[in-house]
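Following: one structure in structure tokens, then a few remarks.
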Amino acid sequence: MTAFNLLSEPIRKYIRDQKWESLRPIQEAAIQRIIATDNNYVLISRTASGKTEAAFLPILSKVNFKEQGVKVLYISPLIALINDQFTRVEKLCAYLDVPVTKWHGEASKGAKDRLIKAPEGIVLITPESLEAMFVNKPYNIHHLFSTLDYVVIDEIHSFLGSDRGIHLQSLLQRLQKVNKNTFSTVALSATVSDEHKYAELKDFLGDPAKTKVIRDIDPKPITAVFKYFEGSVEELPLDLLKDLYIRTRDRKILVFPNARGRVEEVAVKLKKLSEKVGGHTNYFSHHSSVDKEVREYVEFFAKKSTHENFCISCTSTLELGIDIGNVDEVAQIDATHSIASLIQRVGRSGRREGKSSSLFLYATNQWSLLQSAACWLLFKEHYIEPVSINSKPYDVLVHQLLSIVKGSSGITLSKLSEEISGNAAFKNITVEETIEIIAHLTAIDFLEKLGQEYIIGIEGEKVVNTKDFYTLFHTPVFFRVSSQGVKIGELPLSPQIRTDENIYLSARIWKITDIDYESKKIEVMAAKDGNKPRFFGDAADIAPKIRETMLEILMSVEQYDFLDEAGQEAVRQMRKKFSVYDLKSHQTDRPLFSGNDKLTFYSFTGSRVNRTLSFILKRMGIKNELFENESEFELEFSQKSDFMSVFKDVNLNNVNFDHALAELIETSPEVLSFSKWGIYLPVSFQAQLLRHRYFDFEGCNVFLQNLNFVENQ
DNA sequence: GACCTGCTGCGGAGTG
């Protein structure tokens with residue numbers, strides 16, 4: 001039987017009314033399987049290939065909504081995505097008379113109250129709203145979500161390998177526990193590495209044996225053009241902006257300049273160029289520090305512009321599936337930090353069926369060009385970096401312990417540790433470890449033992465009862481920027497923020513007229529000229545494979561026709577620089593340059609291995625400075641022989657890690673800043689957290705074992 | 001130089 005005939009009549013009517021000529025391959029496959037089995041499924045296919053329908057058409061055909069209670073729970077990483085999907089799912093559900101309810105921090109309270117009065121249909125929710133319900137209204141979890149047939153997780157790759165993902169995994173396990181029957185899960189994803197046969201994905205859904213992957217790898221025609229304009233970190237080269245302007249003049253285009261300050265620089269300067277020659281003025285910026293309403297307007301403008309051109313300069317805020325309609329082209333300024341990110345960005349253009357995507361890759365320095373070219377080559381090989389899973393998420397455990405205790409009105413130690421040991425998100429954490437952490441939380445008054453039961457302690461109340469409790473991630477404090485009551489965005493307090501200073505924000509130029517340190521507000525007025533704003537952040541980690549490919553490019557003699565003349569020349573220069581080494585293998589051989597009074601070592605490996613290596617070298621008394629963008633170590637040795645005699649003892653077995661890590665935490669506690677909840681752990685567990693999340697000792701060990709220094713000739 | 005993500009409950013004012 002064809003997939004279409006397996007669907008219920010109302011759903012078939014919906015499809016006929018949409019005038020779809022056929023079902024997409026991923027939909028065909030998903031319908032056949034979801035209707036016939038109770039397996040969990042992960043649907044992998046590119047953006048705008050009908051994944052949402054691939055999940056909902058069969059689920060809506062199969063589920064009996066006449067029964068009491070909510071039957072389908074859809075979980076999304078973004079509010080904006082919930083709002084988009086709500087419109088689509090509601091239209092579909094109108095054919096079945098099934099109600100759909102949005103449940104997130106900005107959703108209507110009235111609609112939530114109506115659902116509580118009559119729990120039914122489909123609910124769209126964020127992990128944090130689900131967490132809030134577990135903590136504050138645990139009875140509502142039972143009341144609303146104990147009759148689930150299906151859980152749908154959108155954009156699951158955005159959760160994979162992150163603390164937020166482990167959090168969600170834990171919530172799903174807790175949700176399953178209150179359900180009368182086992183619910184099935186359907187997860188949707190655009191980009192996931194298959195290096196470990198999707199083991200991380202299958203684990204995530206809790207039941208690997210019952211979890212199947214359906215993948216549609218329909219390669220999309222895509223052309224790339226590289227353009228090299230050497231420039232400074234401070235400002236983009238004018239020639240680059242002029243070249244980019246020509247791209248934006250008569251197209252709908254997204255530009256990804258990697259950093260918020262640069263996003264503003266691009267938007268403001270392109271708009272100025274356009275104004276000068278009388279071009280369109282639809283230049284926008286879109287990133288986390290642009291006011292939410294302004295961002296929504298930009299998304300709305302892009303979606304409704306069928307004939308009007310526009311240019312949105314943006315960060316990863318426009319990487320995920322928010323519907324902004326069709327875009328003709330994507331421009332990337334300097335290298336992406338991952339292939340996964342490149343795939344998402346490329347997927348933003350030519351979304352219309354049969355239309356090919358175009359990609360413009362600009363680079364402003366040689367190393368960035370090299371990284372960009374490596375990402376492009378790997379992209380063409382369909383490579384995606386594997387996600388790194390934290391097998392010992394002690395910090396998420398702290399958070400979930402507090403959540404469980406708060407959600408119960410007193411819980412015994414055995415019941416509490418049983419909740420954790422039965423939760424697959426914490427399967428690699430032993431009962432003894434859990435009990436030790438509970439004891440520590442009690443010692444620091446986060447928990448309190450009352451008779452046989454644990455409740456939230458005095459210090460614990462302070463964190464559990466704030467709205468900041470529901471997330472696993474930190475949020476920095478920013479000053480809100482507005483002009484005469486109109487909200488524009490927000491900025492971090494930096495030396496740059498002074499009265500009379502002129503800055504870019506939301507693609508416009510402003511003069512700061514007043515700063516209110518008390519209420520954290522900045523008042524501005526329109527101005528004619530200024531500077532890009534400064535934000536502070538961490539650079540994302542680069543995968544070892546990207547760095548290896550960069551070395552492979554340097555060792556090769558191939559002429560890449562995707563590079564422009566300046567790019568060809570830049571690659572020639574870099575190859576010349578590295579031609580003094582007789583490199584034979586990009587996997588093991590690494591250049592060691594001895595010149596003046598220092599040695600330079602190019603490791604060409606991932607950020608976490610570099611970080612670990614730098615740490616180990618320092619522990620063993622080898623002073624070094626790491627330049628991550630070049631994957632380069634400067635070593636304080638003038639003679640290679642001196643260095644080698646010390647280096648031969650560099651071995652992971654020669655370092656007492658527990659001691660070294662504890663000392664690191666004591667001397668520089670800021671290394672733990674990546675973990676919001678890790679600060680409440682005993683020091684020995686914090687050391688473990690560093691070991692598994694911040695460093696990569698296993699990877700570094702393999703790197704050292706294979707390492708073959710090659711000296712310049 | 002360096003990404004992103006989300007948010008309860010309650011009180012009080014304003015609106016239909």
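Labels for the structure tokens follow display order: chains A, B, ..., residues from 1 in each chain, ligands from 1.
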
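If you count only C-alpha atoms (C1' of nucleotides) and ignore residues fewer than 3 places along the chain from region 287-293 of chain A, what sits within 6 Å of it is A:Glu296, A:Cys314, A:Thr315, A:Thr317, A:Ile488, A:Gly489, A:Glu490, A:Ser506.
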
Restrict the calculation to only C-alpha atoms (C1' of nucleotides), then for each residue of chain B with any atom at most 10 Å from an atom of chain A give the closest atom pair and their distance in Å to one decimal, rows by chain and rising residue number, as JSON lines.
```
{"residue": "B:DG1", "atom": "C1'", "partner": "A:Val233", "partner_atom": "CA", "distance": 6.4}
{"residue": "B:DA2", "atom": "C1'", "partner": "A:Ala539", "partner_atom": "CA", "distance": 4.2}
{"residue": "B:DC3", "atom": "C1'", "partner": "A:Ser316", "partner_atom": "CA", "distance": 5.7}
{"residue": "B:DC4", "atom": "C1'", "partner": "A:Thr317", "partner_atom": "CA", "distance": 6.5}
{"residue": "B:DT5", "atom": "C1'", "partner": "A:Pro77", "partner_atom": "CA", "distance": 6.7}
{"residue": "B:DG6", "atom": "C1'", "partner": "A:Glu128", "partner_atom": "CA", "distance": 6.0}
{"residue": "B:DC7", "atom": "C1'", "partner": "A:Lys467", "partner_atom": "CA", "distance": 5.2}
{"residue": "B:DT8", "atom": "C1'", "partner": "A:Lys467", "partner_atom": "CA", "distance": 6.3}
{"residue": "B:DG9", "atom": "C1'", "partner": "A:Asn136", "partner_atom": "CA", "distance": 9.5}
```

Practice item. Write out as a count of residues only each polymer residue whose atoms come within 12 Å of region 213-218 of chain A, counting only C-alpha atoms (C1' of nucleotides); drop sequence neighbours fewer than 4 positions from it. Key: 47

Point to revise | strand (DSSP E or B) call set, DSSP backbone run, region 341-406 of chain A, as a PyMOL selection string | key: chain A and resi 357-363

Selection above as a file: all heavy atoms, as a short mmCIF file (atom, residue, chain, number, x, y, z; two decimals), in the first residue's frame:
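Once written, result_30.cif looks like this:
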```
data_model
loop_
_atom_site.label_atom_id
_atom_site.label_comp_id
_atom_site.auth_asym_id
_atom_site.auth_seq_id
_atom_site.Cartn_x
_atom_site.Cartn_y
_atom_site.Cartn_z
N SER A 357 21.81 26.15 -4.61
CA SER A 357 22.29 27.12 -3.62
C SER A 357 23.60 27.73 -4.08
O SER A 357 24.39 27.08 -4.74
CB SER A 357 22.52 26.42 -2.29
OG SER A 357 21.30 25.95 -1.79
N SER A 358 23.80 28.96 -3.70
CA SER A 358 25.08 29.60 -3.96
C SER A 358 25.71 30.02 -2.66
O SER A 358 25.03 30.41 -1.73
CB SER A 358 24.89 30.85 -4.82
OG SER A 358 24.32 30.48 -6.04
N LEU A 359 27.01 29.92 -2.63
CA LEU A 359 27.73 30.24 -1.41
C LEU A 359 28.93 31.10 -1.74
O LEU A 359 29.74 30.75 -2.60
CB LEU A 359 28.18 28.93 -0.74
CG LEU A 359 29.01 29.05 0.52
CD1 LEU A 359 28.21 29.69 1.63
CD2 LEU A 359 29.49 27.68 0.95
N PHE A 360 29.04 32.26 -1.07
CA PHE A 360 30.20 33.11 -1.23
C PHE A 360 31.02 33.08 0.05
O PHE A 360 30.49 33.36 1.11
CB PHE A 360 29.79 34.55 -1.58
CG PHE A 360 29.47 34.68 -3.02
CD1 PHE A 360 28.23 34.30 -3.52
CD2 PHE A 360 30.43 35.12 -3.92
CE1 PHE A 360 27.95 34.38 -4.86
CE2 PHE A 360 30.16 35.20 -5.27
CZ PHE A 360 28.91 34.82 -5.75
N LEU A 361 32.26 32.67 -0.07
CA LEU A 361 33.11 32.55 1.10
C LEU A 361 34.21 33.61 1.02
O LEU A 361 35.08 33.54 0.16
CB LEU A 361 33.72 31.15 1.17
CG LEU A 361 32.72 30.05 1.47
CD1 LEU A 361 33.12 28.75 0.81
CD2 LEU A 361 32.56 29.85 2.97
N TYR A 362 34.12 34.57 1.92
CA TYR A 362 35.14 35.61 1.99
C TYR A 362 36.13 35.25 3.09
O TYR A 362 35.73 34.71 4.12
CB TYR A 362 34.52 36.96 2.31
CG TYR A 362 33.70 37.53 1.18
CD1 TYR A 362 32.35 37.21 1.04
CD2 TYR A 362 34.28 38.39 0.25
CE1 TYR A 362 31.59 37.74 0.00
CE2 TYR A 362 33.54 38.92 -0.79
CZ TYR A 362 32.19 38.59 -0.91
OH TYR A 362 31.46 39.11 -1.95
N ALA A 363 37.41 35.56 2.87
CA ALA A 363 38.39 35.36 3.94
C ALA A 363 39.24 36.61 4.06
O ALA A 363 39.54 37.26 3.05
CB ALA A 363 39.26 34.15 3.65
#
```

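Non-sequential neighbours of Val298 (chain A) (distance at most 10 Å, separation of 5 or more positions within a chain, only C-alpha atoms (C1' of nucleotides)) are A:Asn282, A:Tyr283, A:Phe284, A:Ser285, A:His286, A:Lys292, A:Glu293, A:Lys303, A:Phe310, A:Ile312, A:Ile324.
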